[in-house]
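Okay, so here's the structure we're looking at.
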Amino acid sequence: MQEEFLHALFSCRNKRNLFADKLFELFDLKSNGFIEFGEFVRTLSIFHPKAPEADKITFAFKLYDLKNTGYIERDELKDMVLAILQESELTLSDDVIEAIVHKTFQEADLKGDGRIDPDEWKELVTRYPSLIKIMTLSYLEEITVLFPCFVMTSNVRDSVLVSEN
């Protein structure tokens with residue numbers, strides 16, 4: 001259940017968080033309110049050090065695309081920045097947050113249409129790879145070295161999981 005996921009991942013405070021909710025949504029591939037083991041392993045594999053960078057970029061894009069429109073809009077970026085700050089227990093002034101959003105759009109919105117599409121996001125991450133640095137959890141490599149069957153012998157059929165697209 002979502003509450004258990006949030007508790008495990010964020011040492012749960014009993015508060016809702018947009019970042020945590022979106023992360024749960026991305027792990028819950030079947031969209032049934034539960035993260036089954038296969039869904040968990042499949043999504044967690046994106047955070048493996050040897051996972052393709054393209055997968056990390058796509059996942060990070062989906063994390064910020066709160067409305068699932070295929071674009072990151074200014075309000076989505078601002079909402080996610082606020083949620084990440086809240087989760088990190090950091091406080092920035094409204095002016096600083098607006099400056100972050102403005103600078104990001106200035107750098108990323110290459111077409112000038114007021115939204116960031118997947119290609120623009122990829123270009124931004126190429127210029128600023130630190131944007132997806134958190135998409136790599138080094139200890140996952142240790143786990144797969146110690147327990148190679150953990151990932152290699154999954155009994156989850158692809159047809160059971162909802163397409164990631």
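Quick note on naming: the chains in the structure tokens go A, B, ... in the order shown, residues restart at 1 in each chain, and ligands are numbered from 1 in order of appearance.
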Test item: residues at most 8 Å from Lys62 of chain A, only C-alpha atoms, excluding those fewer than 5 positions along its chain, as a ChimeraX atom specification:
/A:26,68,70
Contacts of Phe34 of chain A at 10 Å (only C-alpha atoms; same-chain gap of 2+ positions) as a ChimeraX atom specification:
/A:1-5,24-25,27-32,36-37,39-40
Nearest residue to Phe19 of chain A out of A:Leu82, A:Glu120, A:Glu73, A:Gly33, using only C-alpha atoms?
A:Leu82
Taking 5 positions as the minimum chain separation for residues in the same chain, which residues sit within 12 Å of segment 93-106 of chain A when counting only C-alpha atoms? Answer as a list in words.
Ile72, Glu73, Arg74, Asp75, Glu76, Leu77, Lys78, Asp79, Met80, Val81, Leu82, Ala83, Ile84, Leu85, Lys111, Gly112, Asp113, Gly114, Arg115, Ile116, Asp117, Glu120, Trp121, Leu124, Val125, Arg127, Tyr128 and Leu131 of chain A
Would you mind listing what lies within 10 Å of Asp119 of chain A as a list in words, with only C-alpha atoms counted and same-chain residues fewer than 6 positions away left out?
Thr58, Tyr71, Ala108, Asp109, Leu110 and Val125 of chain A
Any chance you can output those residues with C-alpha atoms as a PDB file, in the first residue's frame?
```
ATOM      1  CA  THR A  58      12.916   9.184 -18.952  1.00  0.00           C
ATOM      2  CA  TYR A  71       5.447  17.942 -21.028  1.00  0.00           C
ATOM      3  CA  ALA A 108      15.451  24.015 -20.958  1.00  0.00           C
ATOM      4  CA  ASP A 109      12.588  25.460 -23.012  1.00  0.00           C
ATOM      5  CA  LEU A 110      14.549  25.607 -26.255  1.00  0.00           C
ATOM      6  CA  VAL A 125      20.286  16.663 -18.506  1.00  0.00           C
TER       7      VAL A 125
END
```
Just to confirm, what's the straight-line distance from atom CA of Lys122 of chain A to atom CA of Leu18 of chain A in Å (one decimal)?
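Taking atom CA of Lys122 of chain A and atom CA of Leu18 of chain A, their separation equals 22.9 Å.
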What are the DSSP strand (DSSP E) residues of segment 1-140 of chain A, as a PyMOL selection string?
chain A and resi 72-73+115-116
